[in-house]
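Participant: Provided below: final_10.txt, containing compact mmCIF, C-alpha atoms.
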# COMPACT_ATOMS: atom_id res chain seq x y z
CA MET G 1 129.94 214.26 220.52
CA LEU G 2 130.59 213.19 216.96
CA VAL G 3 132.45 210.07 218.04
CA PHE G 4 129.72 209.10 220.48
CA ARG G 5 127.01 209.73 217.94
CA GLU G 6 128.99 208.06 215.20
CA GLN G 7 129.39 204.80 217.11
CA ASN G 8 125.72 204.60 218.02
CA TRP G 9 124.57 205.55 214.57
CA SER G 10 126.83 203.07 212.80
CA ALA G 11 125.80 200.27 215.16
CA TRP G 12 122.10 201.05 214.77
CA MET G 13 122.40 201.31 211.01
CA ARG G 14 124.21 197.98 210.83
CA ALA G 15 121.45 196.38 212.94
CA GLY G 16 118.83 198.08 210.78
CA LEU G 17 120.40 196.77 207.58
CA SER G 18 120.10 193.25 208.94
CA GLY G 19 116.39 193.79 209.60
CA ASP G 20 116.28 195.13 213.20
CA SER G 21 113.54 197.72 212.82
CA GLU G 22 113.74 198.86 216.47
CA ALA G 23 117.43 199.77 216.21
CA TYR G 24 116.66 201.39 212.88
CA ARG G 25 113.84 203.46 214.39
CA ARG G 26 116.20 204.60 217.17
CA LEU G 27 118.71 205.69 214.53
CA LEU G 28 116.11 207.71 212.60
CA GLU G 29 114.76 209.29 215.80
CA ASP G 30 118.22 210.26 216.95
CA MET G 31 119.18 211.53 213.52
CA SER G 32 116.13 213.62 212.59
CA PRO G 33 116.72 216.59 214.98
CA VAL G 34 120.33 216.69 213.82
CA LEU G 35 119.22 216.67 210.18
CA ARG G 36 116.78 219.49 210.92
CA MET G 37 119.58 221.52 212.47
CA LEU G 38 121.83 220.81 209.47
CA ALA G 39 119.04 221.95 207.16
CA ARG G 40 118.44 225.15 209.15
CA ASN G 41 122.11 226.08 209.23
CA GLY G 42 122.51 225.26 205.56
CA LEU G 43 119.49 227.32 204.53
CA ARG G 44 120.67 230.22 206.69
CA ARG G 45 124.11 230.13 205.08
CA ALA G 46 122.53 230.12 201.62
CA GLY G 47 120.24 233.03 202.57
CA ALA G 48 117.12 230.89 202.01
CA PRO G 49 114.03 230.86 204.25
CA ILE G 50 114.53 228.69 207.33
CA ALA G 51 110.88 227.70 207.13
CA ASP G 52 111.93 225.16 204.47
CA ALA G 53 114.12 223.31 206.96
CA ASP G 54 111.55 220.62 207.74
CA ASP G 55 111.00 219.93 204.05
CA VAL G 56 114.71 219.49 203.57
CA MET G 57 114.98 217.32 206.68
CA GLN G 58 112.18 215.02 205.57
CA GLU G 59 113.57 214.64 202.09
CA THR G 60 116.95 213.87 203.60
CA LEU G 61 115.45 211.29 205.94
CA LEU G 62 113.64 209.62 203.04
CA ALA G 63 116.82 209.68 200.94
CA ILE G 64 118.85 208.16 203.77
CA HIS G 65 116.25 205.42 204.04
CA LEU G 66 115.94 204.67 200.33
CA LYS G 67 119.70 204.84 199.72
CA ARG G 68 120.95 203.12 202.85
CA HIS G 69 122.31 200.20 200.81
CA THR G 70 124.94 202.63 199.48
CA TRP G 71 126.57 202.88 202.92
CA SER G 72 129.41 200.40 203.44
CA PRO G 73 129.10 198.95 206.97
CA GLY G 74 132.88 199.06 207.37
CA GLU G 75 132.99 202.84 207.01
CA PRO G 76 131.92 205.64 209.38
CA LEU G 77 128.31 206.74 208.94
CA GLY G 78 128.86 210.47 209.55
CA PRO G 79 130.51 211.42 206.23
CA TRP G 80 127.88 209.41 204.35
CA VAL G 81 125.04 211.20 206.16
CA ALA G 82 126.74 214.59 205.67
CA ALA G 83 127.11 213.94 201.92
CA ILE G 84 123.42 213.07 201.56
CA ALA G 85 122.33 216.07 203.68
CA ARG G 86 124.44 218.34 201.48
CA TYR G 87 123.13 216.78 198.26
CA LYS G 88 119.51 217.22 199.37
CA LEU G 89 120.12 220.80 200.50
CA ILE G 90 121.68 221.66 197.14
CA ASP G 91 118.82 219.89 195.35
CA VAL G 92 116.17 221.89 197.22
CA LEU G 93 118.05 225.16 196.79
CA ARG G 94 118.43 224.56 193.06
CA ARG G 95 114.76 223.72 192.66
CA ARG G 96 113.91 226.97 194.41
CA GLY G 97 116.15 228.83 191.99
CA ARG G 98 119.00 229.65 194.31
CA ARG G 99 122.66 229.42 193.60
CA ALA G 100 123.59 226.01 194.91
CA GLU G 101 127.08 226.09 196.29
CA VAL G 102 127.22 224.32 199.59
CA SER G 103 130.47 223.35 201.19
CA ILE G 104 130.66 220.04 203.06
CA ASP G 105 132.92 221.32 205.86
CA PRO G 106 130.33 223.34 207.84
CA ILE G 107 127.99 220.35 207.63
CA ILE G 108 130.62 218.04 209.11
CA GLU G 109 131.29 220.63 211.84
CA ASP G 110 127.58 221.00 212.58
CA LEU G 111 127.33 217.26 212.79
CA ALA G 112 130.04 217.31 215.45
CA ASP G 113 129.07 220.36 217.50
CA ALA G 114 125.66 221.94 217.24
CA ALA G 115 122.68 221.03 219.41
CA PRO G 116 119.91 219.15 217.64
CA ALA G 117 116.83 221.19 216.76
CA PRO G 118 113.55 219.97 218.27
CA ASP G 119 110.50 219.12 216.20
CA GLU G 120 108.34 222.24 216.14
CA ALA G 121 106.30 222.24 212.97
CA SER G 122 103.92 219.51 211.93
CA MET G 123 104.50 217.92 208.59
CA GLU G 124 101.57 219.08 206.52
CA ASP G 125 103.47 218.64 203.30
CA VAL G 126 104.22 214.95 203.59
CA ALA G 127 100.67 214.25 204.74
CA ARG G 128 99.40 216.04 201.65
CA LEU G 129 101.82 214.21 199.37
CA ALA G 130 100.95 210.87 200.98
CA ALA G 131 97.29 211.66 200.33
CA GLY G 132 98.16 211.93 196.64
CA LEU G 133 99.77 208.48 196.40
CA PRO G 134 97.61 206.33 194.14
CA GLY G 135 96.33 202.78 194.54
CA ARG G 136 97.44 200.09 196.96
CA GLN G 137 100.78 201.79 197.61
CA GLY G 138 99.00 204.90 198.81
CA ASP G 139 96.67 202.87 201.03
CA VAL G 140 99.60 201.08 202.61
CA VAL G 141 101.70 204.22 203.18
CA ARG G 142 98.74 206.00 204.76
CA ALA G 143 97.80 202.99 206.89
CA ILE G 144 101.32 202.66 208.23
CA ALA G 145 102.52 206.25 208.38
CA VAL G 146 99.39 208.20 209.25
CA SER G 147 97.63 205.56 211.35
CA GLN G 148 100.82 204.19 212.94
CA ARG G 149 99.97 200.58 212.09
CA SER G 150 102.47 197.75 211.92
CA ILE G 151 102.95 195.68 208.76
CA ARG G 152 100.71 192.95 210.20
CA GLU G 153 97.95 195.35 211.28
CA ALA G 154 98.04 197.05 207.89
CA ALA G 155 97.83 193.66 206.17
CA GLU G 156 94.74 192.74 208.20
CA ALA G 157 93.07 196.11 207.72
CA LEU G 158 93.67 196.12 203.97
CA ARG G 159 93.13 192.35 203.48
CA MET G 160 96.55 191.92 201.92
CA THR G 161 99.37 189.48 202.67
CA GLU G 162 102.23 190.83 204.78
CA GLY G 163 104.60 190.31 201.88
CA ALA G 164 102.40 192.38 199.59
CA VAL G 165 102.23 195.11 202.23
CA ARG G 166 106.01 195.16 202.50
CA VAL G 167 106.46 195.49 198.74
CA ALA G 168 103.76 198.17 198.47
CA LEU G 169 105.25 200.13 201.39
CA HIS G 170 108.72 200.19 199.83
CA ARG G 171 107.40 201.22 196.43
CA GLY G 172 105.12 203.79 198.04
CA LEU G 173 108.03 205.39 199.91
CA LYS G 174 110.02 205.59 196.68
CA GLN G 175 107.06 207.23 195.00
CA LEU G 176 106.74 209.64 197.91
CA ALA G 177 110.36 210.71 197.38
CA ASP G 178 109.68 211.22 193.64
CA LEU G 179 106.53 213.24 194.40
CA TYR G 180 108.52 215.39 196.76
CA ARG G 181 111.06 216.18 194.07
CA MET G 182 108.45 216.86 191.39
CA GLU G 183 106.34 218.98 193.72
CA ASN G 184 109.16 221.41 194.30
CA ALA G 185 110.63 221.28 190.81
CA MET T 1 102.15 213.73 209.26
CA LYS T 2 104.75 214.39 211.88
CA THR T 3 108.32 213.28 211.67
CA ASP T 4 107.48 210.43 214.07
CA ASP T 5 104.92 209.10 211.61
CA LEU T 6 107.38 209.21 208.78
CA ILE T 7 109.98 207.46 210.93
CA HIS T 8 107.43 204.81 211.90
CA ALA T 9 106.80 204.10 208.23
CA LEU T 10 110.50 204.00 207.41
CA ALA T 11 111.20 201.63 210.32
CA GLN T 12 108.45 199.27 209.10
CA ASP T 13 110.31 199.21 205.78
CA ALA T 14 113.62 198.27 207.44
CA ALA T 15 113.85 194.88 205.75
CA SER T 16 113.81 196.20 202.18
CA VAL T 17 117.55 196.63 201.66
CA GLU T 18 118.67 196.72 198.04
CA THR T 19 121.90 195.38 196.54
CA PRO T 20 124.97 197.45 197.54
CA PRO T 21 126.19 199.55 194.58
CA ARG T 22 129.63 197.96 194.44
CA ARG T 23 128.14 194.53 193.85
CA ALA T 24 125.40 195.81 191.54
CA LEU T 25 127.95 197.72 189.44
CA ASN T 26 130.35 194.79 189.26
CA ILE T 27 127.51 192.70 187.83
CA ALA T 28 126.53 195.57 185.51
CA LEU T 29 130.13 195.87 184.24
CA VAL T 30 130.20 192.17 183.34
CA ILE T 31 126.87 192.51 181.53
CA ALA T 32 128.16 195.64 179.78
CA ALA T 33 131.25 193.77 178.56
CA VAL T 34 129.11 190.90 177.26
CA LEU T 35 126.79 193.36 175.46
CA ALA T 36 129.77 195.17 173.92
CA ALA T 37 131.21 191.87 172.71
CA GLY T 38 127.82 190.89 171.29
CA ALA T 39 127.40 194.22 169.48
CA PHE T 40 130.91 193.93 168.08
CA PHE T 41 130.35 190.49 166.60
CA VAL T 42 126.94 191.41 165.20
CA LEU T 43 127.94 194.79 163.70
CA LEU T 44 131.60 194.18 162.84
CA HIS T 45 134.17 191.39 162.85
CA PRO T 46 137.85 191.03 163.75
CA ARG T 47 140.09 192.22 160.94
CA ASP T 48 141.28 189.50 158.55
CA ASP T 49 144.96 189.76 159.42
CA ILE T 50 144.40 189.70 163.18
CA LEU T 51 146.78 186.78 163.74
CA GLN T 52 149.69 188.64 162.17
CA ALA T 53 148.65 191.92 163.79
CA ALA T 54 148.73 190.25 167.21
CA HIS T 55 152.52 190.25 166.97
CA GLN T 56 152.77 194.00 166.45
CA ALA T 57 153.25 196.40 169.33
CA ARG T 58 151.11 199.13 167.78
CA PHE T 59 148.12 196.81 167.49
CA LEU T 60 148.52 195.52 171.04
CA ALA T 61 148.97 199.03 172.41
CA LYS T 62 145.38 199.84 171.39
CA PHE T 63 144.12 197.19 173.79
CA VAL T 64 146.47 198.23 176.58
CA LEU T 65 145.32 201.86 176.31
CA THR T 66 141.58 201.17 176.12
CA ALA T 67 141.78 198.53 178.85
CA ALA T 68 143.67 200.91 181.17
CA LEU T 69 141.09 203.61 180.55
CA GLY T 70 138.25 201.16 181.08
CA VAL T 71 139.63 199.84 184.37
CA VAL T 72 140.21 203.34 185.74
CA ALA T 73 136.77 204.55 184.64
CA ALA T 74 135.07 201.48 186.10
CA THR T 75 136.86 202.03 189.42
CA LEU T 76 135.73 205.65 189.46
CA VAL T 77 132.11 204.77 188.62
CA VAL T 78 131.94 202.52 191.66
CA ARG T 79 133.30 205.32 193.87
CA LEU T 80 130.99 207.96 192.40
CA ALA T 81 127.96 205.77 193.11
CA ARG T 82 128.24 206.26 196.89
CA PRO T 83 127.77 209.43 198.95
CA GLY T 84 130.85 210.55 200.83
CA ALA T 85 133.23 208.21 198.99
CA SER T 86 136.24 209.93 197.43
CA ALA T 87 136.59 209.56 193.67
CA PRO T 88 140.26 210.11 192.79
CA LEU T 89 139.89 211.54 189.28
CA ARG T 90 143.68 211.88 189.13
CA LEU T 91 143.75 208.14 188.34
CA LEU T 92 142.78 209.21 184.81
CA ALA T 93 146.37 210.43 184.49
CA VAL T 94 147.45 206.78 184.11
CA PRO T 95 145.76 206.07 180.75
CA LEU T 96 146.55 209.63 179.68
CA ALA T 97 150.26 209.10 180.39
CA LEU T 98 150.20 205.78 178.51
CA ALA T 99 148.63 207.51 175.50
CA VAL T 100 151.17 210.33 175.59
CA ALA T 101 154.02 207.83 175.81
CA ALA T 102 152.66 205.89 172.82
CA VAL T 103 152.36 209.08 170.77
CA VAL T 104 155.91 210.17 171.67
CA LEU T 105 157.30 206.75 170.72
CA GLU T 106 155.44 206.89 167.41
CA LEU T 107 156.71 210.39 166.63
CA ALA T 108 160.25 209.31 167.49
CA SER T 109 160.15 206.17 165.36
CA THR T 110 158.47 207.45 162.18
CA PRO T 111 159.58 210.15 159.71
CA ALA T 112 157.71 213.46 160.01
CA PRO T 113 156.24 213.39 156.47
CA GLU T 114 154.31 210.22 157.42
CA TRP T 115 152.70 211.64 160.57
CA ARG T 116 149.77 213.22 158.81
CA ALA T 117 148.79 210.10 156.88
CA ARG T 118 149.13 207.94 159.97
CA MET T 119 146.98 210.27 162.02
CA ILE T 120 144.17 210.47 159.48
CA GLY T 121 144.33 206.76 158.69
CA VAL T 122 141.64 205.14 156.54
CA ASN T 123 138.89 204.26 158.96
CA TRP T 124 138.14 207.29 161.09
CA LEU T 125 134.48 207.60 160.13
CA VAL T 126 133.90 203.94 160.99
CA CYS T 127 135.71 204.52 164.27
CA LEU T 128 133.56 207.54 165.16
CA SER T 129 130.36 205.66 164.30
CA TYR T 130 130.96 202.19 165.64
CA VAL T 131 132.64 202.91 168.97
CA PRO T 132 129.53 204.80 170.19
CA LEU T 133 127.27 202.13 168.66
CA ILE T 134 129.06 199.33 170.52
CA ALA T 135 129.10 201.45 173.70
CA ALA T 136 125.39 202.37 173.67
CA ALA T 137 123.96 199.31 175.43
CA PRO T 138 126.79 199.14 178.00
CA LEU T 139 126.21 202.82 178.83
CA ALA T 140 122.48 202.19 179.26
CA VAL T 141 123.19 199.29 181.64
CA LEU T 142 125.61 201.36 183.73
CA VAL T 143 123.26 204.35 183.96
CA ALA T 144 120.33 202.11 184.88
CA THR T 145 122.43 200.56 187.66
CA LEU T 146 123.61 203.95 188.91
CA ARG T 147 119.98 204.99 189.26
CA GLN T 148 119.68 202.48 192.10
CA ALA T 149 122.77 203.97 193.74
CA ALA T 150 123.20 207.50 195.09
CA PRO T 151 125.65 209.56 193.02
CA THR T 152 125.95 213.00 194.64
CA ARG T 153 127.52 214.29 191.41
CA PRO T 154 125.04 212.90 188.85
CA THR T 155 126.48 214.58 185.74
CA LEU T 156 130.02 213.50 186.57
CA ALA T 157 128.88 209.97 187.44
CA GLY T 158 127.10 209.76 184.08
CA ALA T 159 130.13 211.11 182.23
CA VAL T 160 132.46 208.58 183.87
CA ALA T 161 129.99 205.80 183.08
CA GLY T 162 130.19 207.03 179.48
CA LEU T 163 133.98 206.95 179.68
CA ALA T 164 133.87 203.32 180.86
CA ALA T 165 131.36 202.36 178.15
CA GLY T 166 133.37 204.25 175.53
CA ALA T 167 136.58 202.49 176.54
CA LEU T 168 134.75 199.17 176.29
CA GLY T 169 133.47 200.07 172.82
CA ALA T 170 136.94 201.17 171.71
CA PHE T 171 138.54 198.01 173.12
CA PHE T 172 136.39 195.79 170.93
CA TYR T 173 136.46 198.12 167.96
CA ALA T 174 140.29 198.00 168.06
CA ALA T 175 140.14 194.37 166.91
CA HIS T 176 138.39 195.47 163.72
CA CYS T 177 140.21 198.71 162.97
CA PRO T 178 143.12 198.52 160.47
CA ASP T 179 144.63 201.78 161.77
CA ASP T 180 147.16 200.98 164.47
CA SER T 181 149.21 204.16 164.71
CA PRO T 182 149.06 205.78 168.17
CA LEU T 183 148.55 209.05 166.28
CA PHE T 184 145.28 207.70 164.88
CA VAL T 185 144.26 206.29 168.25
CA ALA T 186 145.06 209.54 170.08
CA VAL T 187 142.82 211.54 167.77
CA TRP T 188 139.93 209.34 166.67
CA TYR T 189 139.55 206.92 169.56
CA THR T 190 139.67 209.90 171.91
CA LEU T 191 136.97 211.69 169.91
CA ALA T 192 134.79 208.58 169.74
CA ILE T 193 135.11 207.98 173.48
CA ALA T 194 134.42 211.67 174.10
CA ILE T 195 131.12 211.32 172.25
CA VAL T 196 130.07 208.50 174.57
CA THR T 197 131.31 210.45 177.60
CA GLY T 198 129.21 213.44 176.57
CA ALA T 199 126.17 211.22 176.10
CA GLY T 200 126.82 209.80 179.57
CA ALA T 201 127.02 213.28 181.08
CA LEU T 202 123.67 214.21 179.50
CA ALA T 203 122.12 210.97 180.71
CA GLY T 204 123.52 211.59 184.19
CA ALA T 205 122.10 215.10 184.40
CA ARG T 206 118.75 213.80 183.19
CA TRP T 207 118.36 210.46 184.97
CA LEU T 208 120.77 210.20 187.87
CA ARG T 209 119.30 212.83 190.17
CA TRP T 210 117.54 211.45 193.23
Translate the structure described by the file into structure tokens.
Facilitator:
Amino acid sequence: MLVFREQNWSAWMRAGLSGDSEAYRRLLEDMSPVLRMLARNGLRRAGAPIADADDVMQETLLAIHLKRHTWSPGEPLGPWVAAIARYKLIDVLRRRGRRAEVSIDPIIEDLADAAPAPDEASMEDVARLAAGLPGRQGDVVRAIAVSQRSIREAAEALRMTEGAVRVALHRGLKQLADLYRMENA
Amino acid sequence: MKTDDLIHALAQDAASVETPPRRALNIALVIAAVLAAGAFFVLLHPRDDILQAAHQARFLAKFVLTAALGVVAATLVVRLARPGASAPLRLLAVPLALAVAAVVLELASTPAPEWRARMIGVNWLVCLSYVPLIAAAPLAVLVATLRQAAPTRPTLAGAVAGLAAGALGAFFYAAHCPDDSPLFVAVWYTLAIAIVTGAGALAGARWLRW
């Protein structure tokens, strides 16, 4: 399972890094239930409430997105994903005042074996955080994330150039990640 | 917002790939070296007898030691910038072994009554002040660059960035310093570099989380 997943994931990530947003979407869709499962298992091991799993998963997904330039295309994607999932789990646990000792090995094993967890809860938290994003960046993130618009549609709706929308979206996503961290600090 | 919505937004942002950390850090290291050189020539100057000193092993050893430490630390910084990459801290044994060897040679080749004077030297306060001063801007550049990367051990990454900046500061400072004994270097250069390393660790804990 890991090998199969690994090959697809690496290929999709490589395509995504060269601008193929469809391959990149497939990667994120395939990865998110696995990340949720990693978060659940990690929280359970740490004795923390499993209800936080979707928060952890979303933060991990955002981190994977914003830090994807730190993956070397020549290397396997799995260990890189596992390291980020572990870092985000530790980060959330520490912010919630729990002892943050998380071993990487169970995460690697989970990545290989366990069944992905389906999306059950809706993501009220991110919607609320996105609502708090100020200015143009907030408009763009909401137009694209909440209303499912493309870059071009968002540019038309907001009377901005596509380039400006792209820049605002990237900055807005970075800000969203910062808000997430401050919110739970 | 459901996960699908978040994923939709992330996929729309697919084109915004930043510079890989290896490349960004290589550029940052060059800038750091230039800044260290600039600080050295503004704040200090090469010692007057540098041409004669250049023929002496003790003087040259200072550059070998600080350069070895700098190269190892720079290598480790690049590794620590990326999730899942191994950072072989045991590489630090190389500069450590070189320093120990230099100290042993010095102890073997000088009479015991001289050791104390050689260790204390004449310039230790200058060493402790100016190495961190020369290293400050390089450390800032390295930490700023690491912020764009993804160090999963932020405090350690900051400390090793401090080690690299400290080695850079000590490398340039060595051209000014009249104390060449490995005993002096082992004590005061180590302390000066440790100050920068500690500052790097604090900066890492403060600014390198993501």
Participant: Identify every residue of chain T that has at least one atom within 7 Å of any atom of chain G, counting only C-alpha atoms, and report the result as a compact mmCIF listing (two decimals) with C-alpha atoms, in the coordinates of the input.
Facilitator:
# COMPACT_ATOMS: atom_id res chain seq x y z
CA MET T 1 102.15 213.73 209.26
CA LYS T 2 104.75 214.39 211.88
CA THR T 3 108.32 213.28 211.67
CA ASP T 5 104.92 209.10 211.61
CA LEU T 6 107.38 209.21 208.78
CA ILE T 7 109.98 207.46 210.93
CA HIS T 8 107.43 204.81 211.90
CA ALA T 9 106.80 204.10 208.23
CA LEU T 10 110.50 204.00 207.41
CA ALA T 11 111.20 201.63 210.32
CA GLN T 12 108.45 199.27 209.10
CA ASP T 13 110.31 199.21 205.78
CA ALA T 14 113.62 198.27 207.44
CA ALA T 15 113.85 194.88 205.75
CA SER T 16 113.81 196.20 202.18
CA VAL T 17 117.55 196.63 201.66
CA GLU T 18 118.67 196.72 198.04
CA THR T 19 121.90 195.38 196.54
CA PRO T 20 124.97 197.45 197.54
CA PRO T 21 126.19 199.55 194.58
CA ARG T 82 128.24 206.26 196.89
CA PRO T 83 127.77 209.43 198.95
CA GLY T 84 130.85 210.55 200.83
CA ALA T 149 122.77 203.97 193.74
CA ALA T 150 123.20 207.50 195.09
CA THR T 152 125.95 213.00 194.64
Participant: Please list, as a VMD selection string, the residues that have an atom at most 12 Å away from (121.6, 227.6, 204.0) in the coordinates of this file, counting all atoms listed in the file.
Facilitator: chain G and resid 36 to 53 56 85 to 86 88 to 94 98 to 104 106 to 107
Participant: Skip Thr155 in chain T itself and residues of its chain fewer than 3 positions away, then list as number ranges by chain all residues within 7 Å of it, counting all atoms listed in the file.
Facilitator: T: 158-159, 201-202, 204-205
Participant: If you keep C-alpha atoms, can you produce a file of those selected residues as a PDB file, keeping the file's coordinate frame?
Facilitator:
ATOM      1  CA  GLY T 158     127.100 209.760 184.080  1.00  0.00           C
ATOM      2  CA  ALA T 159     130.130 211.110 182.230  1.00  0.00           C
ATOM      3  CA  ALA T 201     127.020 213.280 181.080  1.00  0.00           C
ATOM      4  CA  LEU T 202     123.670 214.210 179.500  1.00  0.00           C
ATOM      5  CA  GLY T 204     123.520 211.590 184.190  1.00  0.00           C
ATOM      6  CA  ALA T 205     122.100 215.100 184.400  1.00  0.00           C
TER       7      ALA T 205
END
Participant: Calculate how many Å separate CA of Trp188 in chain T from CA of Ala140 in chain T, rounding to one decimal.
Facilitator: 22.7 Å
Participant: Applying 9 Å and all atoms listed in the file, which residues near Ala39 in chain T remain after dropping the ones on its own chain fewer than 3 positions away? List them as a list in words.
Facilitator: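 Within the cut-off, the hits are Val34, Leu35, Ala36, Val42, Leu43, Leu44, Leu133, Ile134, Ala135 and Ala137 of chain T.
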Participant: Which residues are near Val77 in chain T? Cut-off 12 Å, only C-alpha atoms, ignore same chain within fewer than 2 positions. Put them as a ChimeraX atom specification.
Facilitator: /T:21-22,24-26,28-29,70-75,79-82,85-89,139,142-143,145-146,149-165,200,204
Participant: Determine the nearest neighbour of Leu51 in chain T from the options T:Ala136, T:Ala101, T:Leu107, T:Ala175, counting all atoms listed in the file.
Facilitator: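 Smallest distance to Leu51 in chain T is found for T:Ala175.
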Participant: What does the distance between CA of Leu128 in chain T and CA of His45 in chain T come to in Å, to one decimal place?
Facilitator: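 Separating CA of Leu128 in chain T from CA of His45 in chain T is a distance of 16.3 Å.
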Participant: Please indicate the distance in Å from CA of Ala117 in chain T to CA of Ala97 in chain T, rounded to one decimal place.
Facilitator: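 Computed distance, CA of Ala117 in chain T to CA of Ala97 in chain T, equals 23.6 Å.
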Participant: Between T:Phe59, T:Tyr189, T:Phe171, T:Phe184, which residue has the minimum interatomic distance to Val122 in chain T, considering all atoms listed in the file?
Facilitator: T:Phe184
